[in-house]
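Next up, structure-v2.tsv (TSV, C-alpha atoms):
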```tsv
chain	number	residue	atom	x	y	z
A	1	MET	CA	8.62	-15.51	3.02
A	2	ARG	CA	10.24	-14.49	6.28
A	3	GLU	CA	9.41	-16.27	9.54
A	4	LEU	CA	6.32	-14.86	11.24
A	5	SER	CA	6.79	-13.13	14.55
A	6	GLY	CA	5.45	-14.80	17.68
A	7	MET	CA	2.50	-12.45	17.87
A	8	ILE	CA	1.50	-12.95	14.26
A	9	ARG	CA	1.81	-16.73	14.61
A	10	PHE	CA	-0.59	-16.47	17.54
A	11	LEU	CA	-3.01	-14.50	15.41
A	12	ALA	CA	-2.81	-17.05	12.64
A	13	VAL	CA	-3.60	-19.90	15.04
A	14	THR	CA	-6.24	-18.34	17.26
A	15	GLY	CA	-7.73	-15.72	14.97
A	16	ALA	CA	-7.81	-13.04	17.66
A	17	LEU	CA	-5.52	-11.27	20.09
A	18	LEU	CA	-6.39	-9.30	23.21
A	19	LEU	CA	-3.62	-6.72	23.16
A	20	SER	CA	-4.04	-5.66	26.78
A	21	GLY	CA	-3.24	-9.21	27.85
A	22	LEU	CA	-6.15	-9.19	30.30
A	23	THR	CA	-9.68	-10.55	30.19
A	24	GLN	CA	-12.02	-7.57	30.26
A	25	ALA	CA	-15.73	-6.99	29.97
A	26	ALA	CA	-16.90	-6.18	26.46
A	27	ASP	CA	-17.90	-2.67	27.51
A	28	ASP	CA	-14.29	-1.99	28.54
A	29	VAL	CA	-12.85	-2.95	25.14
A	30	ILE	CA	-12.97	-1.48	21.66
A	31	ARG	CA	-12.69	-4.33	19.18
A	32	VAL	CA	-11.09	-3.61	15.80
A	33	GLY	CA	-11.50	-6.31	13.15
A	34	ALA	CA	-9.22	-6.98	10.19
A	35	THR	CA	-7.93	-9.65	7.88
A	36	ALA	CA	-4.38	-9.88	6.60
A	37	SER	CA	-2.84	-12.08	3.94
A	38	GLN	CA	-0.56	-14.25	6.04
A	39	SER	CA	-0.44	-16.78	3.21
A	40	GLY	CA	-0.96	-16.67	-0.55
A	41	GLU	CA	0.05	-14.05	-3.10
A	42	TYR	CA	0.05	-11.00	-0.81
A	43	ALA	CA	1.52	-12.70	2.28
A	44	GLU	CA	4.71	-10.68	2.58
A	45	LEU	CA	2.84	-7.40	2.21
A	46	GLY	CA	-0.14	-8.44	4.32
A	47	ILE	CA	2.06	-9.48	7.24
A	48	ASP	CA	3.80	-6.10	7.17
A	49	GLN	CA	0.44	-4.32	7.26
A	50	LEU	CA	-0.84	-6.46	10.13
A	51	GLN	CA	2.33	-5.91	12.13
A	52	GLY	CA	1.91	-2.15	11.71
A	53	LEU	CA	-1.66	-2.39	12.99
A	54	VAL	CA	-0.59	-4.54	15.94
A	55	MET	CA	2.12	-2.02	16.83
A	56	TRP	CA	-0.39	0.85	16.76
A	57	ALA	CA	-2.66	-1.01	19.19
A	58	GLU	CA	0.25	-1.85	21.49
A	59	ASP	CA	1.31	1.80	21.49
A	60	LEU	CA	-2.21	3.00	22.21
A	61	ASN	CA	-2.72	0.58	25.07
A	62	SER	CA	0.67	1.42	26.56
A	63	ARG	CA	-0.42	5.07	26.67
A	64	GLY	CA	-3.55	4.12	28.60
A	65	ALA	CA	-6.77	3.77	26.65
A	66	LEU	CA	-9.04	5.09	23.90
A	67	ILE	CA	-11.89	7.06	25.50
A	68	GLY	CA	-11.35	4.97	28.62
A	69	ARG	CA	-11.28	1.60	26.85
A	70	ARG	CA	-8.52	-0.77	25.85
A	71	VAL	CA	-8.19	-1.86	22.22
A	72	GLU	CA	-8.44	-5.43	21.01
A	73	VAL	CA	-7.43	-6.38	17.46
A	74	VAL	CA	-9.26	-9.38	16.03
A	75	ALA	CA	-7.48	-10.62	12.90
A	76	TYR	CA	-7.65	-13.58	10.54
A	77	ASP	CA	-5.60	-14.91	7.65
A	78	ASP	CA	-7.56	-14.22	4.45
A	79	GLU	CA	-5.12	-16.35	2.40
A	80	SER	CA	-5.03	-13.62	-0.30
A	81	ASP	CA	-8.41	-14.99	-1.42
A	82	PRO	CA	-11.33	-12.60	-2.12
A	83	SER	CA	-13.90	-15.23	-1.18
A	84	ARG	CA	-12.19	-15.74	2.19
A	85	VAL	CA	-12.18	-11.99	2.75
A	86	ALA	CA	-15.93	-11.82	2.19
A	87	GLU	CA	-16.50	-14.73	4.57
A	88	LEU	CA	-14.16	-13.45	7.28
A	89	TYR	CA	-15.47	-9.87	7.36
A	90	GLU	CA	-18.96	-11.30	7.84
A	91	LYS	CA	-17.56	-13.33	10.73
A	92	LEU	CA	-15.82	-10.31	12.25
A	93	ILE	CA	-19.05	-8.29	12.17
A	94	VAL	CA	-21.66	-10.92	13.01
A	95	GLU	CA	-19.86	-13.39	15.28
A	96	ASP	CA	-16.97	-11.39	16.75
A	97	GLN	CA	-19.07	-8.21	16.96
A	98	VAL	CA	-16.19	-5.87	16.34
A	99	ASP	CA	-16.80	-2.14	16.68
A	100	TYR	CA	-14.88	-1.03	13.58
A	101	LEU	CA	-12.98	-2.53	10.67
A	102	ILE	CA	-9.56	-2.09	9.07
A	103	GLY	CA	-9.35	-3.20	5.45
A	104	PRO	CA	-6.93	-5.86	4.13
A	105	TYR	CA	-3.96	-5.26	1.85
A	106	SER	CA	-4.73	-4.82	-1.87
A	107	SER	CA	-7.56	-3.11	-3.68
A	108	ALA	CA	-9.17	-6.34	-4.90
A	109	LEU	CA	-9.47	-7.76	-1.37
A	110	THR	CA	-10.59	-4.42	0.06
A	111	LEU	CA	-13.51	-4.33	-2.37
A	112	GLU	CA	-14.85	-7.54	-0.80
A	113	ALA	CA	-14.35	-6.23	2.73
A	114	ALA	CA	-16.02	-2.95	1.80
A	115	ALA	CA	-19.16	-4.75	0.65
A	116	ALA	CA	-19.48	-6.42	4.05
A	117	ALA	CA	-18.82	-3.17	5.89
A	118	GLU	CA	-21.52	-1.40	3.90
A	119	ARG	CA	-24.02	-4.23	4.26
A	120	HIS	CA	-23.75	-4.05	8.05
A	121	ASN	CA	-23.14	-0.27	8.28
A	122	VAL	CA	-19.78	-0.63	10.06
A	123	PRO	CA	-17.10	2.07	9.50
A	124	MET	CA	-13.95	0.74	7.86
A	125	VAL	CA	-10.58	2.42	7.30
A	126	ALA	CA	-9.05	1.02	4.09
A	127	ALA	CA	-5.41	0.52	5.01
A	128	GLY	CA	-3.83	-0.72	1.78
A	129	ALA	CA	-6.15	0.07	-1.13
A	130	ALA	CA	-5.64	2.67	-3.85
A	131	ALA	CA	-7.92	1.66	-6.75
A	132	GLY	CA	-11.07	3.71	-7.15
A	133	ASP	CA	-13.53	0.83	-7.65
A	134	THR	CA	-14.10	0.66	-3.90
A	135	TRP	CA	-15.18	4.31	-3.85
A	136	ASN	CA	-17.35	4.15	-6.96
A	137	GLN	CA	-19.98	1.94	-5.31
A	138	GLY	CA	-21.86	4.64	-3.43
A	139	TYR	CA	-20.67	3.28	-0.07
A	140	SER	CA	-20.77	5.48	3.03
A	141	ASN	CA	-18.62	3.40	5.42
A	142	VAL	CA	-15.26	3.01	3.66
A	143	PHE	CA	-12.47	5.57	4.03
A	144	GLN	CA	-9.18	5.62	2.13
A	145	ILE	CA	-5.78	6.59	3.56
A	146	ASP	CA	-3.52	5.84	0.57
A	147	ALA	CA	-3.13	8.02	-2.52
A	148	GLN	CA	-5.46	7.21	-5.39
A	149	ALA	CA	-4.00	4.71	-7.86
A	150	LYS	CA	-4.59	6.99	-10.84
A	151	ASP	CA	-2.17	9.52	-9.33
A	152	TYR	CA	0.67	7.12	-8.51
A	153	PHE	CA	2.88	7.90	-11.52
A	154	ASP	CA	2.32	11.67	-11.66
A	155	LEU	CA	5.83	12.54	-10.43
A	156	PRO	CA	7.76	10.19	-12.78
A	157	ILE	CA	5.70	11.34	-15.78
A	158	GLU	CA	6.23	14.98	-14.91
A	159	PHE	CA	9.99	14.38	-14.63
A	160	ALA	CA	10.09	12.45	-17.92
A	161	HIS	CA	8.26	15.31	-19.64
A	162	GLU	CA	10.76	17.82	-18.24
A	163	GLN	CA	13.57	15.72	-19.74
A	164	GLY	CA	11.94	15.82	-23.17
A	165	LEU	CA	10.89	12.15	-23.22
A	166	THR	CA	7.79	11.41	-25.28
A	167	ARG	CA	7.46	7.64	-25.87
A	168	VAL	CA	5.82	5.72	-23.01
A	169	ALA	CA	5.28	1.98	-22.49
A	170	ILE	CA	2.79	0.73	-19.88
A	171	VAL	CA	2.57	-2.86	-18.64
A	172	TYR	CA	0.44	-3.92	-15.70
A	173	ALA	CA	-1.04	-6.85	-13.82
A	174	GLY	CA	-4.67	-7.68	-14.50
A	175	VAL	CA	-6.25	-6.65	-11.19
A	176	ASP	CA	-7.88	-3.47	-9.92
A	177	PHE	CA	-4.93	-1.47	-8.58
A	178	PRO	CA	-2.53	-1.89	-11.54
A	179	ARG	CA	-5.37	-1.35	-14.01
A	180	GLU	CA	-6.22	1.98	-12.42
A	181	VAL	CA	-2.53	2.92	-12.28
A	182	ALA	CA	-2.38	2.30	-16.04
A	183	LYS	CA	-5.50	4.40	-16.61
A	184	GLY	CA	-3.87	7.27	-14.74
A	185	VAL	CA	-0.70	6.92	-16.82
A	186	ARG	CA	-2.68	7.20	-20.05
A	187	GLU	CA	-4.44	10.35	-18.84
A	188	GLU	CA	-1.32	11.99	-17.44
A	189	ALA	CA	0.80	11.14	-20.50
A	190	ALA	CA	-1.83	12.64	-22.78
A	191	ALA	CA	-1.97	15.77	-20.64
A	192	HIS	CA	1.80	16.19	-21.18
A	193	GLY	CA	1.65	15.52	-24.92
A	194	MET	CA	3.40	12.15	-24.58
A	195	GLN	CA	2.65	9.14	-26.77
A	196	VAL	CA	1.81	5.72	-25.31
A	197	VAL	CA	3.57	3.37	-27.75
A	198	PHE	CA	2.94	0.11	-25.86
A	199	ASP	CA	0.06	-0.68	-23.50
A	200	GLU	CA	-0.53	-4.24	-22.31
A	201	GLU	CA	-2.13	-6.06	-19.41
A	202	TYR	CA	-0.76	-9.42	-18.29
A	203	PRO	CA	-2.34	-12.07	-16.04
A	204	ASN	CA	-1.87	-11.34	-12.36
A	205	GLY	CA	0.96	-13.46	-10.93
A	206	SER	CA	2.85	-13.68	-14.23
A	207	THR	CA	6.63	-13.91	-14.11
A	208	GLU	CA	7.36	-14.86	-17.74
A	209	PHE	CA	7.80	-11.71	-19.80
A	210	GLY	CA	10.10	-12.71	-22.67
A	211	ASP	CA	7.51	-12.34	-25.43
A	212	LEU	CA	5.94	-9.20	-23.93
A	213	VAL	CA	9.31	-7.46	-23.60
A	214	SER	CA	10.34	-8.50	-27.11
A	215	ARG	CA	7.23	-6.88	-28.53
A	216	MET	CA	7.67	-3.84	-26.31
A	217	ARG	CA	11.28	-3.41	-27.44
A	218	ALA	CA	10.11	-3.09	-31.06
A	219	THR	CA	8.20	0.10	-30.11
A	220	ASN	CA	11.37	1.79	-28.79
A	221	PRO	CA	9.96	3.26	-25.54
A	222	GLU	CA	11.88	5.96	-23.69
A	223	VAL	CA	9.81	5.53	-20.53
A	224	LEU	CA	8.76	2.14	-19.10
A	225	LEU	CA	6.13	2.21	-16.35
A	226	GLY	CA	4.96	-0.97	-14.64
A	227	GLY	CA	1.83	-1.49	-12.56
A	228	THR	CA	3.43	-4.36	-10.66
A	229	TYR	CA	3.67	-6.18	-7.37
A	230	LEU	CA	6.87	-7.84	-6.13
A	231	ASP	CA	7.59	-11.03	-8.06
A	232	ASP	CA	6.44	-9.63	-11.39
A	233	SER	CA	8.54	-6.49	-10.95
A	234	ILE	CA	11.66	-8.61	-10.39
A	235	ALA	CA	10.83	-10.78	-13.41
A	236	LEU	CA	10.20	-7.72	-15.58
A	237	VAL	CA	13.64	-6.30	-14.81
A	238	ARG	CA	15.27	-9.61	-15.67
A	239	ALA	CA	13.35	-9.81	-18.94
A	240	THR	CA	14.35	-6.30	-20.00
A	241	LYS	CA	17.99	-7.11	-19.30
A	242	ALA	CA	17.78	-10.35	-21.30
A	243	ALA	CA	16.27	-8.45	-24.22
A	244	SER	CA	18.68	-5.48	-23.87
A	245	LEU	CA	15.70	-3.14	-23.50
A	246	SER	CA	17.02	0.01	-21.81
A	247	PRO	CA	14.48	2.82	-21.47
A	248	LYS	CA	15.79	6.14	-20.26
A	249	LEU	CA	13.40	5.99	-17.29
A	250	PHE	CA	12.19	2.73	-15.70
A	251	ALA	CA	9.66	2.91	-12.84
A	252	MET	CA	7.27	0.46	-11.19
A	253	THR	CA	4.82	0.21	-8.31
A	254	VAL	CA	5.10	-1.90	-5.12
A	255	GLY	CA	8.04	-4.17	-6.01
A	256	PRO	CA	10.94	-1.68	-5.87
A	257	SER	CA	9.89	-0.56	-2.39
A	258	GLN	CA	10.55	-4.06	-1.02
A	259	ARG	CA	13.93	-5.15	0.35
A	260	ARG	CA	13.71	-8.45	-1.52
A	261	PHE	CA	13.65	-6.57	-4.84
A	262	GLY	CA	17.24	-5.46	-4.23
A	263	ASP	CA	18.31	-8.71	-2.59
A	264	GLU	CA	17.29	-10.74	-5.65
A	265	LEU	CA	18.37	-8.35	-8.39
A	266	GLN	CA	21.61	-7.22	-6.72
A	267	GLU	CA	23.39	-4.72	-9.03
A	268	ASP	CA	20.62	-5.03	-11.62
A	269	SER	CA	18.39	-3.00	-9.31
A	270	ALA	CA	20.51	0.12	-9.93
A	271	GLY	CA	18.58	2.99	-11.44
A	272	ILE	CA	15.12	1.46	-11.06
A	273	LEU	CA	12.51	3.87	-9.72
A	274	GLY	CA	9.72	2.85	-7.38
A	275	VAL	CA	6.54	4.74	-6.57
A	276	VAL	CA	5.71	4.46	-2.90
A	277	SER	CA	3.30	6.08	-0.44
A	278	TRP	CA	5.71	6.27	2.51
A	279	MET	CA	9.43	6.27	3.23
A	280	ARG	CA	11.24	6.72	6.50
A	281	SER	CA	13.10	9.72	5.07
A	282	GLY	CA	9.95	11.38	3.73
A	283	ARG	CA	9.67	13.88	6.59
A	284	ARG	CA	6.38	12.56	7.88
A	285	PRO	CA	5.44	12.66	11.58
A	286	MET	CA	7.05	9.91	13.67
A	287	ALA	CA	8.78	8.30	10.65
A	288	TYR	CA	12.21	7.67	12.17
A	289	ASP	CA	10.83	6.82	15.60
A	290	PHE	CA	8.33	4.40	14.07
A	291	SER	CA	11.01	2.76	11.93
A	292	PHE	CA	13.41	2.32	14.84
A	293	ARG	CA	10.79	0.81	17.14
A	294	TYR	CA	9.26	-1.36	14.41
A	295	LYS	CA	12.62	-2.97	13.63
A	296	GLY	CA	13.18	-3.59	17.33
A	297	ARG	CA	9.73	-5.13	17.68
A	298	PHE	CA	9.61	-7.27	14.53
A	299	GLY	CA	13.25	-7.61	13.46
A	300	SER	CA	12.90	-6.07	9.99
A	301	ASN	CA	12.80	-2.60	8.47
A	302	ALA	CA	9.37	-1.03	8.18
A	303	ALA	CA	7.98	-1.27	4.66
A	304	VAL	CA	5.25	1.03	3.39
A	305	GLN	CA	2.67	-1.66	4.19
A	306	ALA	CA	3.64	-1.47	7.88
A	307	ALA	CA	2.99	2.27	7.71
A	308	TYR	CA	-0.41	1.53	6.14
A	309	GLY	CA	-1.40	-0.63	9.10
A	310	TYR	CA	-0.14	1.78	11.74
A	311	SER	CA	-1.67	4.80	10.01
A	312	ALA	CA	-5.06	3.13	9.58
A	313	GLY	CA	-5.10	2.64	13.33
A	314	GLN	CA	-4.10	6.27	13.90
A	315	VAL	CA	-6.89	7.55	11.65
A	316	LEU	CA	-9.47	5.41	13.40
A	317	GLU	CA	-8.15	6.48	16.79
A	318	ALA	CA	-8.38	10.17	15.83
A	319	ALA	CA	-11.98	9.74	14.68
A	320	VAL	CA	-12.99	8.06	17.94
A	321	ARG	CA	-11.24	10.69	20.06
A	322	LEU	CA	-12.82	13.54	18.09
A	323	ALA	CA	-16.22	11.89	18.36
A	324	GLY	CA	-15.73	11.45	22.10
A	325	THR	CA	-17.71	8.24	21.90
A	326	ALA	CA	-17.50	4.78	20.36
A	327	ASP	CA	-20.87	5.26	18.65
A	328	ARG	CA	-20.45	4.18	15.03
A	329	ASP	CA	-22.53	7.01	13.59
A	330	ALA	CA	-20.45	9.64	15.40
A	331	VAL	CA	-17.17	7.98	14.40
A	332	ARG	CA	-18.32	7.66	10.78
A	333	GLU	CA	-19.11	11.37	10.68
A	334	GLN	CA	-15.59	12.21	11.90
A	335	LEU	CA	-14.03	9.93	9.28
A	336	LYS	CA	-16.04	11.79	6.64
A	337	THR	CA	-15.17	15.30	7.74
A	338	MET	CA	-11.95	15.39	9.75
A	339	HIS	CA	-8.56	16.58	8.53
A	340	TYR	CA	-5.68	14.68	10.11
A	341	ARG	CA	-2.00	13.96	9.60
A	342	SER	CA	-0.93	10.40	10.31
A	343	LEU	CA	2.37	8.59	9.92
A	344	LEU	CA	1.42	8.04	6.26
A	345	GLY	CA	0.60	11.69	5.60
A	346	HIS	CA	-2.42	13.92	5.22
A	347	TYR	CA	-5.88	12.41	5.62
A	348	ARG	CA	-8.82	14.15	4.01
A	349	VAL	CA	-11.52	12.39	1.98
A	350	ASP	CA	-14.17	13.48	-0.48
A	351	GLU	CA	-17.87	12.66	-0.31
A	352	THR	CA	-17.22	9.10	-1.51
A	353	GLY	CA	-14.59	8.39	1.14
A	354	ALA	CA	-11.73	8.53	-1.40
A	355	GLN	CA	-8.51	10.24	-0.39
A	356	ASN	CA	-7.81	13.66	-1.88
A	357	ALA	CA	-4.87	14.89	0.21
A	358	LYS	CA	-2.25	12.10	0.05
A	359	ARG	CA	0.61	12.20	-2.45
A	360	THR	CA	3.20	9.60	-3.40
A	361	PHE	CA	7.00	9.56	-3.21
A	362	VAL	CA	9.51	8.16	-5.69
A	363	LEU	CA	12.53	6.14	-4.61
A	364	GLN	CA	15.47	4.95	-6.68
A	365	TRP	CA	17.81	2.03	-6.13
A	366	GLN	CA	21.33	3.45	-5.95
A	367	ASN	CA	24.33	1.40	-4.79
A	368	ARG	CA	21.97	-1.26	-3.37
A	369	PHE	CA	20.06	1.31	-1.28
A	370	ARG	CA	16.55	2.70	-1.66
A	371	LEU	CA	16.87	6.49	-1.72
A	372	LEU	CA	14.11	9.09	-1.92
A	373	VAL	CA	14.52	11.14	-5.12
A	374	PHE	CA	11.12	12.87	-5.54
A	375	PRO	CA	9.80	15.29	-4.42
A	376	GLN	CA	13.11	17.02	-4.93
A	377	ASP	CA	12.76	19.34	-1.93
A	378	ILE	CA	13.01	16.38	0.47
A	379	GLN	CA	15.16	13.99	-1.56
A	380	ASP	CA	17.89	11.80	-0.06
A	381	ALA	CA	19.89	12.07	-3.28
A	382	PRO	CA	19.49	13.46	-6.80
A	383	VAL	CA	17.88	11.11	-9.28
A	384	GLN	CA	20.36	9.23	-11.45
A	385	PHE	CA	19.21	9.85	-15.01
A	386	PRO	CA	19.15	8.46	-17.60
A	387	PHE	CA	18.89	4.76	-16.79
A	388	VAL	CA	22.27	3.18	-17.59
A	389	PRO	CA	21.85	0.81	-20.57
A	390	TRP	CA	22.30	-2.89	-19.79
A	391	SER	CA	25.06	-3.09	-22.39
A	392	GLU	CA	27.14	-0.52	-20.49
A	393	ARG	CA	27.03	-2.23	-17.10
```

Could you show the structure in this file as C-alpha cells?
Amino acid sequence: MRELSGMIRFLAVTGALLLSGLTQAADDVIRVGATASQSGEYAELGIDQLQGLVMWAEDLNSRGALIGRRVEVVAYDDESDPSRVAELYEKLIVEDQVDYLIGPYSSALTLEAAAAAERHNVPMVAAGAAAGDTWNQGYSNVFQIDAQAKDYFDLPIEFAHEQGLTRVAIVYAGVDFPREVAKGVREEAAAHGMQVVFDEEYPNGSTEFGDLVSRMRATNPEVLLGGTYLDDSIALVRATKAASLSPKLFAMTVGPSQRRFGDELQEDSAGILGVVSWMRSGRRPMAYDFSFRYKGRFGSNAAVQAAYGYSAGQVLEAAVRLAGTADRDAVREQLKTMHYRSLLGHYRVDETGAQNAKRTFVLQWQNRFRLLVFPQDIQDAPVQFPFVPWSER
C-alpha cells in the first residue's frame, strides 16, 4: 500500500481534522463524520475515498463557507472491519456530535454505518456502496450516489449479445456487492437469451483460483464476468492464463480500474475490461480539473474511489445549500427530492434512497493504459474485441 499523505496520517493518529485550521465555536462549524479503511482489506480504496472527501472540504473552505459556516471532517480508521464501523459511527454521532455522515467504502461496511445513521436519525450520503441491501431495510436517512450493483455489467452484456456471444461464466466474491453484481448478470443475461454456464461464489479475499478456473474452462464460456476487488481480480487473470482459458470477452469490477492491476499484470492486462463508475475522460463536470488538482495534492492519479469521496461531499453540500439551513430534517428532505449533477454524475434517488440516475462506464486495458471504451459516444478508443487468446500472445 502506498505511503499515506501527511493529512491522512494526521487523521489516522488523531481521529479528526479541523480543515479550516482554526479553533472555532461549534455553531460556526458544520461537522461531517466518516470512517475510511486506512488499514485492512479495503485500505487502498478507502484511502482514496477519504482523500477525495478531504479535498472537497478543502475546496469548500477555500471558497468561503457553507451557509456561513466552515466545514470540519471528523474521520477514523475502520480497519475494514464491520464491527469497528458500527462502533465508530456510534462514536461520531454520540461523542463527536457530527451534523451529517458520509458512508465508508464498500457495501458491507456501509450497511453497518447505515444502521447507526438510522438509529440516530442522522442523514448519511453513501459514498462507495452499490449493493441494494442497504436500501432494502426501510431506512430514511441513507442516500446512494453510485450506480446500483445489479446494473454494473449491463453495458458489457449488451455488447456481448450484439457480438452473438451466448455462453456466460460468473464468478464473484462472497460479500454483498459482488453477490448483487452476480444477481444482475443472471437477470440481464436471461433478458438477452444468454446461457449462464458457470456460476460460482468464492470466499472473499481468495487469491487461489486454479481449481475454480479448471472447472470453469470445462464449460467453455465465451464471456467471463467477475464480481471482484483488486487482489482477486489480479489472481483470476493469472489463473486463466495458467489454464489457457481465453473467453472472447473478459470483464471484472473494481480491480481493473486500479493502477496496480496494470503494474502487476504488465502485458497480461491487455484486453481486460473493467466496469467503473467514473473516469477522468468520461465527460463529467470538473473531471480533468479534479484529476489535475488531486494528483498535485496527493501525488497519485485520482481513482474512482477518490471521485466517490469528493462527490459525496458535493451532494451533501448541495442539499445544505438548497435547504438554506443545517437543520437535519430540511437537509434530509433535499437529499430525498433534489436532482443534482456531481463530479460522479447524476444524482437522483427513489423513495428508498437508492440511486436511479447513475450509470457505469467500461474501460479496457490497451498498451498498458486504461481507456474508456463504453459508452461508445464518449469512448477514448474502440474496444479491442475479441480478447486475444493467451496462446497467441

Using only C-alpha atoms for the distances, tell me which of A:Ser233, A:Ser107, A:Asn121, A:Gln144 is nearest to Gln355 (chain A).
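With only C-alpha atoms as the atom set, the closest residue is A:Gln144.
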
Between A:Leu53, A:Val181, A:Val74, A:Ala34, which residue has the minimum interatomic distance to Ala116 (chain A), considering all atoms listed in the file?
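Nearest candidate to Ala116 (chain A) out of A:Leu53, A:Val181, A:Val74, A:Ala34: A:Ala34.
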
Selection: 9 Å around Met338 (chain A), all atoms listed in the file, excl. self and same-chain fewer than 4 positions, as a list of chain:residue names
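Neighbouring residues, sequence-local ones excluded: A:Ala318, A:Ala319, A:Leu322, A:Glu333, A:Gln334, A:Tyr347, A:Arg348, A:Val349.
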
Leaving out Val320 (chain A) and any residue of its chain fewer than 6 positions from it, which residues lie within 9 Å of it when counting only C-alpha atoms, given as an NGL selection string?
:A and (66-67 or 326-328 or 330-332 or 334-335)

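When only C-alpha atoms are used to compute distances to Ile145 (chain A), the closest of the residues A:Ile30, A:Val73, A:Leu372, A:Val125 turns out to be A:Val125.
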
Please compute the CA of Leu344 (chain A)-CA of Ala381 (chain A) distance, one decimal, in Å.
21.2 Å

Pairwise distance, CA of Gly282 (chain A) with CA of Pro382 (chain A), equals 14.4 Å

Set the distance at 9 Å and use only C-alpha atoms: which residues neighbour Asp350 (chain A) once local chain neighbours fewer than 3 positions away are removed? I'd like the list as a PyMOL selection string.
chain A and resi 336-337+353-356

Could you name the residues that touch Arg370 (chain A) at 12 Å or less, counting only C-alpha atoms, but leaving out those on the same chain fewer than 4 positions away, as a PyMOL selection string?
chain A and resi 255-263+269-276+279-281+303+361-366+379-381+383

Please save C-alpha atoms of the selected residues as a PDB file, in the frame of the given file.
```pdb
ATOM      1  CA  GLY A 255       8.040  -4.170  -6.010  1.00  0.00           C
ATOM      2  CA  PRO A 256      10.940  -1.680  -5.870  1.00  0.00           C
ATOM      3  CA  SER A 257       9.890  -0.560  -2.390  1.00  0.00           C
ATOM      4  CA  GLN A 258      10.550  -4.060  -1.020  1.00  0.00           C
ATOM      5  CA  ARG A 259      13.930  -5.150   0.350  1.00  0.00           C
ATOM      6  CA  ARG A 260      13.710  -8.450  -1.520  1.00  0.00           C
ATOM      7  CA  PHE A 261      13.650  -6.570  -4.840  1.00  0.00           C
ATOM      8  CA  GLY A 262      17.240  -5.460  -4.230  1.00  0.00           C
ATOM      9  CA  ASP A 263      18.310  -8.710  -2.590  1.00  0.00           C
ATOM     10  CA  SER A 269      18.390  -3.000  -9.310  1.00  0.00           C
ATOM     11  CA  ALA A 270      20.510   0.120  -9.930  1.00  0.00           C
ATOM     12  CA  GLY A 271      18.580   2.990 -11.440  1.00  0.00           C
ATOM     13  CA  ILE A 272      15.120   1.460 -11.060  1.00  0.00           C
ATOM     14  CA  LEU A 273      12.510   3.870  -9.720  1.00  0.00           C
ATOM     15  CA  GLY A 274       9.720   2.850  -7.380  1.00  0.00           C
ATOM     16  CA  VAL A 275       6.540   4.740  -6.570  1.00  0.00           C
ATOM     17  CA  VAL A 276       5.710   4.460  -2.900  1.00  0.00           C
ATOM     18  CA  MET A 279       9.430   6.270   3.230  1.00  0.00           C
ATOM     19  CA  ARG A 280      11.240   6.720   6.500  1.00  0.00           C
ATOM     20  CA  SER A 281      13.100   9.720   5.070  1.00  0.00           C
ATOM     21  CA  ALA A 303       7.980  -1.270   4.660  1.00  0.00           C
ATOM     22  CA  PHE A 361       7.000   9.560  -3.210  1.00  0.00           C
ATOM     23  CA  VAL A 362       9.510   8.160  -5.690  1.00  0.00           C
ATOM     24  CA  LEU A 363      12.530   6.140  -4.610  1.00  0.00           C
ATOM     25  CA  GLN A 364      15.470   4.950  -6.680  1.00  0.00           C
ATOM     26  CA  TRP A 365      17.810   2.030  -6.130  1.00  0.00           C
ATOM     27  CA  GLN A 366      21.330   3.450  -5.950  1.00  0.00           C
ATOM     28  CA  GLN A 379      15.160  13.990  -1.560  1.00  0.00           C
ATOM     29  CA  ASP A 380      17.890  11.800  -0.060  1.00  0.00           C
ATOM     30  CA  ALA A 381      19.890  12.070  -3.280  1.00  0.00           C
ATOM     31  CA  VAL A 383      17.880  11.110  -9.280  1.00  0.00           C
TER      32      VAL A 383
END
```

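Nearest to Gln38 (chain A) of all the residues A:Leu343, A:Leu212, A:Val175, A:Leu50 is A:Leu50, based on all atoms listed in the file.
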
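Residues in contact with Phe209 (chain A) at up to 8 Å, not including ones fewer than 3 positions away on its chain and judged by all atoms listed in the file, are Ser206, Leu212, Val213, Ala235, Leu236 and Ala239 of chain A.
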
Emit the selected residues as a compact mmCIF listing (two decimals), keeping the file's coordinate frame, including C-alpha atoms.
```txt
# COMPACT_ATOMS: atom_id res chain seq x y z
CA SER A 206 2.85 -13.68 -14.23
CA LEU A 212 5.94 -9.20 -23.93
CA VAL A 213 9.31 -7.46 -23.60
CA ALA A 235 10.83 -10.78 -13.41
CA LEU A 236 10.20 -7.72 -15.58
CA ALA A 239 13.35 -9.81 -18.94
```

Computed interatomic separation between CA of Gly164 (chain A) and CA of Ala189 (chain A) (Å)
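Result for CA of Gly164 (chain A) versus CA of Ala189 (chain A): 12.4 Å, one decimal.
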
Pick out the closest residue to Phe153 (chain A) from this set: A:Leu371, A:Leu224, A:Ala312, A:Ala173. Count all atoms listed in the file.
A:Leu224
